[in-house]
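Text of the file run_21.cif, holding mmCIF, C-alpha atoms; chains and numbers go by the auth columns:
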data_data
#
loop_
_atom_site.group_PDB
_atom_site.id
_atom_site.type_symbol
_atom_site.label_atom_id
_atom_site.label_comp_id
_atom_site.label_asym_id
_atom_site.label_seq_id
_atom_site.Cartn_x
_atom_site.Cartn_y
_atom_site.Cartn_z
_atom_site.B_iso_or_equiv
_atom_site.auth_seq_id
_atom_site.auth_asym_id
ATOM 1 C CA MET A 1 46.285 -123.054 35.323 0.00 1 A
ATOM 2 C CA ALA A 2 45.090 -119.807 36.874 0.00 2 A
ATOM 3 C CA TYR A 3 43.442 -118.800 33.605 0.00 3 A
ATOM 4 C CA ALA A 4 41.384 -121.995 33.104 0.00 4 A
ATOM 5 C CA SER A 5 38.380 -120.648 35.003 0.00 5 A
ATOM 6 C CA THR A 6 38.198 -117.535 32.834 0.00 6 A
ATOM 7 C CA ILE A 7 37.751 -119.431 29.568 0.00 7 A
ATOM 8 C CA PRO A 8 34.089 -120.364 30.299 0.00 8 A
ATOM 9 C CA GLY A 9 33.400 -116.900 31.762 0.00 9 A
ATOM 10 C CA TYR A 10 34.206 -117.315 35.463 0.00 10 A
ATOM 11 C CA PRO A 11 36.238 -114.296 36.615 0.00 11 A
ATOM 12 C CA SER A 12 39.212 -114.934 38.850 0.00 12 A
ATOM 13 C CA ILE A 13 41.730 -112.849 40.696 0.00 13 A
ATOM 14 C CA THR A 14 44.869 -113.741 42.612 0.00 14 A
ATOM 15 C CA ILE A 15 46.183 -111.620 45.458 0.00 15 A
ATOM 16 C CA PRO A 16 49.571 -112.008 47.151 0.00 16 A
ATOM 17 C CA CYS A 17 49.382 -113.310 50.724 0.00 17 A
ATOM 18 C CA GLY A 18 52.945 -113.328 52.046 0.00 18 A
ATOM 19 C CA ARG A 19 55.456 -116.162 52.128 0.00 19 A
ATOM 20 C CA ASP A 20 55.508 -119.788 53.215 0.00 20 A
ATOM 21 C CA GLU A 21 58.917 -121.298 53.914 0.00 21 A
ATOM 22 C CA GLY A 22 60.440 -118.331 52.091 0.00 22 A
ATOM 23 C CA LEU A 23 58.363 -118.731 48.927 0.00 23 A
ATOM 24 C CA PRO A 24 55.669 -116.235 47.947 0.00 24 A
ATOM 25 C CA PHE A 25 52.122 -117.485 47.714 0.00 25 A
ATOM 26 C CA GLY A 26 48.764 -116.046 46.781 0.00 26 A
ATOM 27 C CA LEU A 27 45.072 -116.646 47.132 0.00 27 A
ATOM 28 C CA GLN A 28 43.058 -117.234 43.973 0.00 28 A
ATOM 29 C CA ILE A 29 39.371 -116.373 44.139 0.00 29 A
ATOM 30 C CA ILE A 30 36.958 -117.486 41.426 0.00 30 A
ATOM 31 C CA GLY A 31 33.610 -115.713 41.087 0.00 31 A
ATOM 32 C CA ARG A 32 30.255 -116.532 39.600 0.00 32 A
ATOM 33 C CA ARG A 33 30.024 -116.672 35.840 0.00 33 A
ATOM 34 C CA HIS A 34 30.175 -113.128 34.439 0.00 34 A
ATOM 35 C CA GLY A 35 30.247 -111.812 38.029 0.00 35 A
ATOM 36 C CA ASP A 36 33.334 -109.613 37.703 0.00 36 A
ATOM 37 C CA LEU A 37 32.035 -106.704 39.770 0.00 37 A
ATOM 38 C CA GLY A 38 30.852 -108.922 42.617 0.00 38 A
ATOM 39 C CA LEU A 39 34.175 -110.729 42.667 0.00 39 A
ATOM 40 C CA LEU A 40 36.215 -107.515 42.921 0.00 40 A
ATOM 41 C CA ALA A 41 34.593 -106.595 46.247 0.00 41 A
ATOM 42 C CA ILE A 42 36.111 -109.672 47.922 0.00 42 A
ATOM 43 C CA PRO A 43 39.826 -108.983 47.301 0.00 43 A
ATOM 44 C CA ALA A 44 39.287 -105.287 48.063 0.00 44 A
ATOM 45 C CA ALA A 45 38.091 -106.247 51.553 0.00 45 A
ATOM 46 C CA LEU A 46 40.804 -108.894 51.976 0.00 46 A
ATOM 47 C CA GLU A 47 43.552 -106.453 51.004 0.00 47 A
ATOM 48 C CA GLN A 48 42.535 -104.180 53.884 0.00 48 A
ATOM 49 C CA VAL A 49 42.771 -107.085 56.346 0.00 49 A
ATOM 50 C CA ILE A 50 46.031 -108.408 54.901 0.00 50 A
ATOM 51 C CA ALA A 51 47.644 -104.941 54.854 0.00 51 A
ATOM 52 C CA GLY A 52 47.414 -104.846 58.657 0.00 52 A
ATOM 53 C CA ASN A 53 49.143 -108.227 59.060 0.00 53 A
ATOM 54 C CA SER A 54 52.875 -108.174 58.328 0.00 54 A
ATOM 55 C CA ASP A 55 52.956 -111.976 57.937 0.00 55 A
ATOM 56 C CA LEU A 56 50.447 -111.828 55.083 0.00 56 A
ATOM 57 C CA ALA A 57 51.268 -108.481 53.502 0.00 57 A
ATOM 58 C CA PRO A 58 52.757 -108.599 49.993 0.00 58 A
ATOM 59 C CA CYS A 59 56.524 -108.490 49.990 0.00 59 A
ATOM 60 C CA ALA A 60 59.070 -107.584 47.371 0.00 60 A
ATOM 61 C CA PRO A 61 61.265 -110.376 46.018 0.00 61 A
ATOM 62 C CA ASP A 62 64.814 -110.624 47.340 0.00 62 A
ATOM 63 C CA LEU A 63 66.601 -109.805 44.063 0.00 63 A
ATOM 64 C CA ASP A 64 70.093 -110.344 45.482 0.00 64 A
ATOM 65 C CA MET A 65 69.126 -113.843 46.628 0.00 65 A
ATOM 66 C CA LEU A 66 67.588 -114.603 43.238 0.00 66 A
ATOM 67 C CA LYS A 67 70.697 -113.394 41.383 0.00 67 A
ATOM 68 C CA SER A 68 72.934 -115.679 43.443 0.00 68 A
ATOM 69 C CA ALA A 69 70.628 -118.712 43.301 0.00 69 A
ATOM 70 C CA PRO A 70 71.635 -121.642 41.106 0.00 70 A
ATOM 71 C CA PRO A 71 69.666 -122.137 37.895 0.00 71 A
ATOM 72 C CA LEU A 72 66.308 -123.871 38.299 0.00 72 A
ATOM 73 C CA ARG A 73 67.581 -126.663 36.086 0.00 73 A
ATOM 74 C CA ALA A 74 70.037 -127.560 38.902 0.00 74 A
ATOM 75 C CA ALA A 75 67.274 -127.980 41.506 0.00 75 A
ATOM 76 C CA GLU A 76 66.675 -131.469 42.857 0.00 76 A
ATOM 77 C CA GLY A 77 63.701 -133.066 41.155 0.00 77 A
ATOM 78 C CA PHE A 78 63.595 -130.605 38.248 0.00 78 A
ATOM 79 C CA LEU A 79 62.655 -132.369 35.034 0.00 79 A
ATOM 80 C CA ALA A 80 64.043 -130.792 31.908 0.00 80 A
ATOM 81 C CA PHE A 81 62.449 -131.603 28.596 0.00 81 A
ATOM 82 C CA ASP A 82 65.028 -130.669 25.995 0.00 82 A
#

As structure tokens, please, write out the structure in this file.
Amino acid sequence: MAYASTIPGYPSITIPCGRDEGLPFGLQIIGRRHGDLGLLAIPAALEQVIAGNSDLAPCAPDLDMLKSAPPLRAAEGFLAFD
């Protein structure tokens, strides 16, 4: 539901922040209503900090691992609604 905050006019942005247990994760920042320009200053500053930290820097997906992975439908706990 990353878009839910934008419906009433609150700008939001998500920036990648590395991986946790092998899965990519990001940080979502929500600004003041109609405060797009003020919000954009925050991730710009965070990107400079994150770029210097290899644990938090954005990383490309491992496409070979994804190609060989079983379908999501086969994952334990996955609920399929056919």

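A straight line drawn from atom CA of A:Tyr10 to atom CA of A:Gly31 is 5.9 Å long.
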
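Going from atom CA of A:Ser5 to atom CA of A:Ala57 covers 25.6 Å.
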
Exercise. Which is closer to A:Glu47 than all the others in A:Pro8, A:Gly35, A:Gly22, A:Pro16, using all atoms listed in the file?
Worked result: A:Pro16

Applying 9 Å and only C-alpha atoms, which residues near A:Arg32 remain after dropping the ones on its own chain fewer than 6 positions away? List them as a short mmCIF file (atom, residue, chain, number, x, y, z; two decimals) with C-alpha atoms, keeping the file's coordinate frame.
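Heads up, here's the output in result30.cif:
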data_model
loop_
_atom_site.label_atom_id
_atom_site.label_comp_id
_atom_site.auth_asym_id
_atom_site.auth_seq_id
_atom_site.Cartn_x
_atom_site.Cartn_y
_atom_site.Cartn_z
CA GLY A 9 33.40 -116.90 31.76
CA TYR A 10 34.21 -117.32 35.46
CA PRO A 11 36.24 -114.30 36.62
CA GLY A 38 30.85 -108.92 42.62
CA LEU A 39 34.17 -110.73 42.67
#

Problem set entry | Residue members of the PyMOL selection byres ((chain A and resi 18) around 6) in the file shown, as a ChimeraX atom specification | /A:17,19,24,56-58

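Distance-wise, atom CA of A:Ile15 and atom CA of A:Ile29 end up 8.4 Å apart.
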
Problem set entry | Nearest-residue call for A:Glu21, choices A:Ile42, A:Asp55, A:Val49, A:Asp64, using only C-alpha atoms | A:Asp55

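Distances to A:Ala41 were evaluated for A:Pro71, A:Tyr3, A:Ala80, A:Ile13 using all atoms listed in the file, and the minimum falls at A:Ile13.
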
Listed atoms of stretch 62-79 of chain A boxed along x, y and z, 3 Å each side, centre and edge lengths in Å, one decimal, as JSON:
{"center_x": 67.8, "center_y": -121.4, "center_z": 41.2, "size_x": 16.3, "size_y": 29.3, "size_z": 18.3}

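Of the listed residues A:Leu66, A:Thr6, A:Ser12, A:Arg73, the one whose atoms come nearest to A:Leu37 is A:Ser12, with distances taken using only C-alpha atoms.
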
Using the incomplete input, complete stretch 2-13 of chain A to the level of all heavy atoms; output as an mmCIF file, in the coordinates of the input.
data_model
loop_
_atom_site.group_PDB
_atom_site.id
_atom_site.type_symbol
_atom_site.label_atom_id
_atom_site.label_comp_id
_atom_site.auth_asym_id
_atom_site.auth_seq_id
_atom_site.Cartn_x
_atom_site.Cartn_y
_atom_site.Cartn_z
ATOM 1 N N ALA A 2 45.902 -120.868 36.289
ATOM 2 C CA ALA A 2 45.090 -119.807 36.874
ATOM 3 C C ALA A 2 44.077 -119.249 35.881
ATOM 4 O O ALA A 2 43.056 -118.711 36.280
ATOM 5 C CB ALA A 2 45.988 -118.701 37.401
ATOM 6 N N TYR A 3 44.334 -119.368 34.610
ATOM 7 C CA TYR A 3 43.442 -118.800 33.605
ATOM 8 C C TYR A 3 42.310 -119.739 33.205
ATOM 9 O O TYR A 3 41.349 -119.330 32.561
ATOM 10 C CB TYR A 3 44.223 -118.409 32.354
ATOM 11 C CG TYR A 3 44.802 -119.594 31.629
ATOM 12 C CD1 TYR A 3 44.060 -120.267 30.667
ATOM 13 C CD2 TYR A 3 46.072 -120.055 31.915
ATOM 14 C CE1 TYR A 3 44.580 -121.371 30.008
ATOM 15 C CE2 TYR A 3 46.591 -121.145 31.265
ATOM 16 C CZ TYR A 3 45.848 -121.811 30.312
ATOM 17 O OH TYR A 3 46.353 -122.900 29.666
ATOM 18 N N ALA A 4 42.358 -121.001 33.576
ATOM 19 C CA ALA A 4 41.384 -121.995 33.104
ATOM 20 C C ALA A 4 39.953 -121.619 33.463
ATOM 21 O O ALA A 4 39.030 -121.861 32.680
ATOM 22 C CB ALA A 4 41.720 -123.371 33.651
ATOM 23 N N SER A 5 39.745 -121.001 34.607
ATOM 24 C CA SER A 5 38.380 -120.648 35.003
ATOM 25 C C SER A 5 37.823 -119.502 34.176
ATOM 26 O O SER A 5 36.602 -119.346 34.066
ATOM 27 C CB SER A 5 38.338 -120.277 36.481
ATOM 28 O OG SER A 5 39.090 -119.111 36.720
ATOM 29 N N THR A 6 38.683 -118.688 33.590
ATOM 30 C CA THR A 6 38.198 -117.535 32.834
ATOM 31 C C THR A 6 37.720 -117.912 31.433
ATOM 32 O O THR A 6 36.936 -117.174 30.839
ATOM 33 C CB THR A 6 39.281 -116.443 32.722
ATOM 34 O OG1 THR A 6 40.393 -116.954 31.983
ATOM 35 C CG2 THR A 6 39.728 -115.986 34.097
ATOM 36 N N ILE A 7 38.146 -119.027 30.925
ATOM 37 C CA ILE A 7 37.751 -119.431 29.568
ATOM 38 C C ILE A 7 36.232 -119.585 29.460
ATOM 39 O O ILE A 7 35.635 -119.059 28.527
ATOM 40 C CB ILE A 7 38.510 -120.698 29.131
ATOM 41 C CG1 ILE A 7 40.000 -120.366 29.001
ATOM 42 C CG2 ILE A 7 37.954 -121.254 27.820
ATOM 43 C CD1 ILE A 7 40.891 -121.557 28.777
ATOM 44 N N PRO A 8 35.554 -120.267 30.403
ATOM 45 C CA PRO A 8 34.089 -120.364 30.299
ATOM 46 C C PRO A 8 33.347 -119.164 30.893
ATOM 47 O O PRO A 8 32.128 -119.179 31.006
ATOM 48 C CB PRO A 8 33.769 -121.639 31.068
ATOM 49 C CG PRO A 8 34.834 -121.759 32.078
ATOM 50 C CD PRO A 8 36.072 -121.188 31.414
ATOM 51 N N GLY A 9 34.052 -118.111 31.294
ATOM 52 C CA GLY A 9 33.400 -116.900 31.762
ATOM 53 C C GLY A 9 33.382 -116.691 33.264
ATOM 54 O O GLY A 9 32.691 -115.812 33.756
ATOM 55 N N TYR A 10 34.125 -117.496 34.016
ATOM 56 C CA TYR A 10 34.206 -117.315 35.463
ATOM 57 C C TYR A 10 35.378 -116.386 35.775
ATOM 58 O O TYR A 10 36.528 -116.738 35.512
ATOM 59 C CB TYR A 10 34.404 -118.654 36.182
ATOM 60 C CG TYR A 10 33.241 -119.582 36.027
ATOM 61 C CD1 TYR A 10 33.217 -120.529 35.016
ATOM 62 C CD2 TYR A 10 32.162 -119.508 36.891
ATOM 63 C CE1 TYR A 10 32.140 -121.381 34.861
ATOM 64 C CE2 TYR A 10 31.075 -120.358 36.748
ATOM 65 C CZ TYR A 10 31.075 -121.296 35.727
ATOM 66 O OH TYR A 10 30.003 -122.132 35.575
ATOM 67 N N PRO A 11 35.128 -115.209 36.330
ATOM 68 C CA PRO A 11 36.238 -114.296 36.615
ATOM 69 C C PRO A 11 37.071 -114.817 37.771
ATOM 70 O O PRO A 11 36.565 -115.501 38.670
ATOM 71 C CB PRO A 11 35.531 -113.000 36.999
ATOM 72 C CG PRO A 11 34.222 -113.440 37.557
ATOM 73 C CD PRO A 11 33.848 -114.666 36.772
ATOM 74 N N SER A 12 38.345 -114.532 37.740
ATOM 75 C CA SER A 12 39.212 -114.934 38.850
ATOM 76 C C SER A 12 40.243 -113.845 39.094
ATOM 77 O O SER A 12 40.570 -113.068 38.201
ATOM 78 C CB SER A 12 39.897 -116.268 38.569
ATOM 79 O OG SER A 12 40.807 -116.160 37.506
ATOM 80 N N ILE A 13 40.706 -113.812 40.309
ATOM 81 C CA ILE A 13 41.730 -112.849 40.696
ATOM 82 C C ILE A 13 42.646 -113.539 41.698
ATOM 83 O O ILE A 13 42.210 -114.393 42.465
ATOM 84 C CB ILE A 13 41.108 -111.560 41.277
ATOM 85 C CG1 ILE A 13 42.184 -110.483 41.454
ATOM 86 C CG2 ILE A 13 40.359 -111.841 42.558
ATOM 87 C CD1 ILE A 13 41.607 -109.097 41.689
#
